[in-house]
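Take a look at the structure set out below.
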Amino acid sequence: MRKKVLKVKDLWFRYPNSNWILKSLNLELYEGETLLVIGRSGCGKTTLIRALTGTGMHIYGGEARGEVEVDGKRLEEYSLEELRKVIQVVNQDPRTHFVYPNIYEDLYTYAIQIYRDEKKAVEALELVSNSLKIKNLFNRLYFELSGGELRRTVIAKAILSKPKIIIFDEPLMWLDDIGVEYYLNVIESLRSYGISILIFEHRFMPLVNHIDRALILANGFTREMSLDVFRKPFYSMQNEVKSYISSDERGISINNLWFKYDGDWVLRNIYIDISRDDAVAIYGSNGSGKSTLLKIIAGYLKPVKGTVKRFGKAIYIPQLISLFFTEESIELELRSICRNSDDFKKCYSKGYSILRSYGFDDLSQTPFNLSWGQQERLAIALALIANYNIFLLDEPFSGLTYLDRAALVDYLKSLPGAKIVTISSRDSIPFLSGFKLYSLHNGSIIRDFTDYRVSQRIDLNNLNLIYSE
Amino acid sequence: MRNLAYIFTYKVNSNISIATRLYIPLILMIFLIFAIDINYIQVAVIQVTAIFIIEFVIFMYIGGLKRIASALILIFIFIAMGLAIRFISIILGYEPTRLEEMAISTLRVIEFFFAITIAMQWIRISEYRWLFKKLRLESIAILFAVTLTQLSSILIAYSEALTTIRLKYGGRGLQKIVKPLVIYSISYGRDVAEAIYMYGVPEPKVNISIGKTDILLIAAISSTLIFLGIAPKL
């Protein structure tokens, strides 16, 4: 019989002055097992991680009831030093793991802290860096690394202490296809070493073939799911692809665009024409120049060569969506954005009805507390109120569940104006049915994709089935 | 903003002792504050030029000159402001500062900024932590190390916020950037605290031995600065 390395029984958790977020939650993780936990935004995935490691109680002052047993011993019986050797967490944002900016120094000093012996520390670091292929990153600074490289480095740090369990909080966030591929290889290596893995991730499609079991977290507790549900196809091909062009009027015209940064060409010879109401997706790996292209279209950066003509007002919505908001309530956001309009009263009353029609009934709530998906929708609604008609969304799918992605695309389709969305992973493409797709590689548009419209269509029934399981 | 992120992090593994790497920028800063007398303009020109050459050579050695040059844009903003004030003074009929004095003062500011940059780029964050610890400032040492390490990531997010808010409000209302930045920094800081809880803050490993190169460097810089400081008075 396999050994249970993590046993959670009747776990309740709440933050100070809040309702219970976890309610009588049970969970078991076996030795060498890979378990996936999915759930909608705000369902308590990160809270569960905090409860399992004690950070919820010790950093956030939360209250926990019930039992958490790690490797046969109750959580509260562990000293912090002991706990770090049994269970480790890789945060959603891997940059937060670094105490020193130089990769080698950070890993080396951490290895010394664990082993308290230089020879053993160097041996452990050698072993880990070889197996995760990070030796070439040793002389780099952490903020110079790509998402995939960062994730591998942080996983190396996590396994330096040879923990029995590794918890990943949304490990695929911000990873492009190459990063995802690397991550999946690392997961397979960890599995081969017999490490138990707990993955909290709503972008589950790439993980399906790398897990042993799956749970859904909803209403404060978990339920086991059949893996067969994940193995059904999530999208189908359409014979006829619907275009969004309602008129021949031009929205954006990019002609022979070149852009240089720090002496290197970031964008080369870009030609894109977008009609007034069209929807466009730009697909490319991290660092391919997508965000730079959006900032040039928005008019924030000036091209070195070539022209960008905008036939309307452009707004840029960043990947870190919370940076878009400047006020403590939705109502103040509305006032603030209308202050720039010619007729404040007209703008405010139009805005009020637009916000209500998009489901923002309580204007006193703070935008910073909304879910990622709601924040995306609010940003777009505010842009609409301020009469913007060119919407530039930089990787809007990053923090969204698949259902939220589908809802966001539906929302975008209903908007008047040109829409440009950037994506870095292929699993996002089926959500953008009918969008004109451009592929950006090393700063150039790959010609094969020109005039191609996304013909896949996401199967919402299958996705709904997963969340209603 | 992005270039600033690189100013606060070192780029090289140096074989020079921490004592030398700390002494050189510090002595340059002290010289710039106390040794330059603006009343002797010709001597001051020689002094600031010599300091500039010393700093340039150090930058060539530690690398990253290009990024530092890009970050100088901030310094140029101050120069432009100085020139604007001078111009306004002339228009209003006040006696403006002499142009040569202004140029020397500006160069001093730039060189002082360079000396700070050398101190940041040449001395590892872990070594600063070690220094603070030796001064019995353990909590400050940890705060300093983590803040400085994470500053680069935060500055990159700030640059993104700046773009967003400028485009959202059409260049107006830039002060509005404060709220999203405060909220982002708090939330990011909370994540860093969680990571520190799970991984701890490892002790730095610092080699304090002084070699022949260190003695030579300290002697060369000290004698040059003494000569530059005393010679004009003779």
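By order of appearance in the structure tokens: chains A, B, ..., then residues from 1 within every chain, and ligands from 1 in the order shown.
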With a distance cut-off of 9 Å and only C-alpha atoms, select the neighbouring residues of Tyr183 (chain A), excluding the residue or stretch itself and same-chain residues fewer than 5 positions from it, and output the selection as a short mmCIF file (atom, residue, chain, number, x, y, z; two decimals) with N, CA, C and O atoms, in the first residue's frame.
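Written output follows (around14.cif):
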data_model
loop_
_atom_site.label_atom_id
_atom_site.label_comp_id
_atom_site.auth_asym_id
_atom_site.auth_seq_id
_atom_site.Cartn_x
_atom_site.Cartn_y
_atom_site.Cartn_z
N GLY A 148 10.22 30.70 -18.59
CA GLY A 148 10.54 29.27 -18.49
C GLY A 148 11.84 29.05 -17.72
O GLY A 148 11.93 28.16 -16.88
N ARG A 151 11.27 29.69 -14.04
CA ARG A 151 10.52 28.60 -13.40
C ARG A 151 11.45 27.43 -13.11
O ARG A 151 11.42 26.86 -12.02
N ARG A 152 12.32 27.08 -14.08
CA ARG A 152 13.25 25.95 -13.87
C ARG A 152 14.21 26.25 -12.72
O ARG A 152 14.49 25.39 -11.89
N PRO A 171 1.75 27.11 -12.01
CA PRO A 171 3.09 27.09 -12.62
C PRO A 171 3.12 27.49 -14.09
O PRO A 171 4.18 27.86 -14.60
N LEU A 172 1.99 27.42 -14.78
CA LEU A 172 2.01 27.72 -16.22
C LEU A 172 1.75 29.19 -16.53
O LEU A 172 1.81 29.61 -17.68
N LEU A 175 3.87 31.46 -18.94
CA LEU A 175 4.79 30.64 -19.73
C LEU A 175 4.30 30.55 -21.17
O LEU A 175 3.11 30.36 -21.40
N ILE A 178 7.19 27.21 -25.29
CA ILE A 178 8.52 26.62 -25.00
C ILE A 178 8.66 26.43 -23.49
O ILE A 178 9.12 25.39 -23.01
N GLU A 188 8.21 15.60 -15.32
CA GLU A 188 8.49 14.17 -15.55
C GLU A 188 9.74 13.75 -14.79
O GLU A 188 9.78 12.65 -14.22
#
Report task. Find the residues of chain B in contact range of chain A, meaning any atom within 8 Å when counting only C-alpha atoms, and list them as an MDAnalysis selection string. Result -> chainID B and resid 9 125:126 145:146 149:150 152:153 160:161 163:165 167:169 176:181 184 188 191:199 201:205
Requested in this report: Using DSSP on the backbone coordinates, identify the residues of region 179-423 of chain A assigned to helix (DSSP H, G or I); present them as a PyMOL selection string.
Outcome: chain A and resi 179-192+205-210+228-231+290-298+321-324+330-338+344-357+367-369+372-385+402-413
Requested in this report: Can you pull out every residue within 7 Å of His441 (chain A), counting only C-alpha atoms, but drop anything in the same chain fewer than 3 positions away, and send it as a list in words?
Outcome: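 Once the adjacent positions are removed, what remains is Gly284, Ser288, Ser444, Ile445 and Ile446 of chain A.
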Restricting it to N, CA and C atoms, dump the selection as a PDB file, in the first residue's frame.
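File again29.pdb, as written:
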ATOM      1  N   GLY A 284       2.985  34.709 -30.260  1.00  0.00           N
ATOM      2  CA  GLY A 284       4.452  34.674 -30.294  1.00  0.00           C
ATOM      3  C   GLY A 284       4.992  34.308 -28.930  1.00  0.00           C
ATOM      4  N   SER A 288       9.236  37.883 -28.122  1.00  0.00           N
ATOM      5  CA  SER A 288       9.177  37.954 -29.587  1.00  0.00           C
ATOM      6  C   SER A 288       8.825  39.362 -30.075  1.00  0.00           C
ATOM      7  N   SER A 444       9.560  39.315 -36.395  1.00  0.00           N
ATOM      8  CA  SER A 444       8.989  39.361 -37.749  1.00  0.00           C
ATOM      9  C   SER A 444       7.701  38.552 -37.803  1.00  0.00           C
ATOM     10  N   ILE A 445       6.801  39.004 -38.653  1.00  0.00           N
ATOM     11  CA  ILE A 445       5.555  38.259 -38.840  1.00  0.00           C
ATOM     12  C   ILE A 445       5.850  37.066 -39.742  1.00  0.00           C
ATOM     13  N   ILE A 446       5.422  35.880 -39.324  1.00  0.00           N
ATOM     14  CA  ILE A 446       5.629  34.715 -40.182  1.00  0.00           C
ATOM     15  C   ILE A 446       4.559  34.756 -41.275  1.00  0.00           C
TER      16      ILE A 446
END
Requested in this report: Can you list, as a ChimeraX atom specification, all residues belonging to region 174-351 of chain A that DSSP tags as strand (DSSP E)?
Outcome: /A:196-200,213-218,221-225,235-237,250-261,264-275,279-283,305-310,314-317
Query - Shortest interatomic distance to Gly66 (chain A) - which of A:Leu25, A:Val280, A:Val229, A:Leu125, counting only C-alpha atoms - result: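 That would be A:Leu25, the residue with the smallest distance to Gly66 (chain A).
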Query - Option closest in space to Asp459 (chain A), from A:Ala406, A:Leu378, A:Leu190, A:Leu150 [counting only C-alpha atoms] - result: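 Between A:Ala406, A:Leu378, A:Leu190, A:Leu150, the residue approaching Asp459 (chain A) most closely is A:Ala406.
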Could you list, as a short mmCIF file (atom, residue, chain, number, x, y, z; two decimals) with all heavy atoms, in the first residue's frame, every residue within 10 Å of Ser14 (chain B), counting only C-alpha atoms and ignoring same-chain residues fewer than 5 positions away?
data_model
loop_
_atom_site.label_atom_id
_atom_site.label_comp_id
_atom_site.auth_asym_id
_atom_site.auth_seq_id
_atom_site.Cartn_x
_atom_site.Cartn_y
_atom_site.Cartn_z
N ARG B 21 36.84 47.44 -3.01
CA ARG B 21 35.63 47.81 -3.75
C ARG B 21 34.76 48.79 -2.97
O ARG B 21 33.97 49.53 -3.54
CB ARG B 21 34.84 46.55 -4.12
CG ARG B 21 35.49 45.78 -5.27
CD ARG B 21 34.73 44.54 -5.63
NE ARG B 21 34.99 43.47 -4.68
CZ ARG B 21 34.06 42.71 -4.14
NH1 ARG B 21 32.80 42.91 -4.45
NH2 ARG B 21 34.36 41.76 -3.29
N TYR B 61 35.86 48.27 -16.61
CA TYR B 61 36.24 47.01 -15.99
C TYR B 61 35.00 46.23 -15.54
O TYR B 61 34.90 45.03 -15.78
CB TYR B 61 37.18 47.28 -14.81
CG TYR B 61 37.44 46.05 -13.98
CD1 TYR B 61 38.16 44.97 -14.50
CD2 TYR B 61 36.96 45.96 -12.66
CE1 TYR B 61 38.39 43.84 -13.74
CE2 TYR B 61 37.19 44.83 -11.91
CZ TYR B 61 37.90 43.77 -12.44
OH TYR B 61 38.11 42.64 -11.70
N ILE B 62 34.06 46.92 -14.90
CA ILE B 62 32.90 46.17 -14.36
C ILE B 62 31.80 45.99 -15.40
O ILE B 62 30.86 45.23 -15.17
CB ILE B 62 32.33 46.78 -13.05
CG1 ILE B 62 31.81 48.20 -13.26
CG2 ILE B 62 33.35 46.75 -11.95
CD1 ILE B 62 31.19 48.79 -12.00
N TRP B 122 29.58 47.10 -7.96
CA TRP B 122 30.84 46.42 -7.68
C TRP B 122 30.75 45.58 -6.40
O TRP B 122 31.47 44.62 -6.20
CB TRP B 122 31.94 47.46 -7.55
CG TRP B 122 33.27 47.01 -8.05
CD1 TRP B 122 33.57 45.81 -8.61
CD2 TRP B 122 34.47 47.76 -8.04
NE1 TRP B 122 34.88 45.77 -8.96
CE2 TRP B 122 35.48 46.97 -8.62
CE3 TRP B 122 34.82 49.04 -7.62
CZ2 TRP B 122 36.79 47.39 -8.78
CZ3 TRP B 122 36.13 49.46 -7.78
CH2 TRP B 122 37.10 48.65 -8.36
N ILE B 123 29.84 46.01 -5.52
CA ILE B 123 29.71 45.28 -4.25
C ILE B 123 28.41 44.48 -4.29
O ILE B 123 27.36 45.02 -4.61
CB ILE B 123 29.71 46.26 -3.05
CG1 ILE B 123 31.03 47.05 -3.06
CG2 ILE B 123 29.52 45.52 -1.73
CD1 ILE B 123 31.05 48.24 -2.15
N ARG B 124 28.53 43.21 -3.99
CA ARG B 124 27.35 42.34 -4.04
C ARG B 124 26.37 42.70 -2.94
O ARG B 124 26.77 43.17 -1.87
CB ARG B 124 27.77 40.89 -3.82
CG ARG B 124 28.58 40.30 -4.92
CD ARG B 124 29.22 39.03 -4.44
NE ARG B 124 29.92 38.40 -5.53
CZ ARG B 124 29.35 37.54 -6.36
NH1 ARG B 124 28.10 37.18 -6.18
NH2 ARG B 124 30.02 37.03 -7.36
#
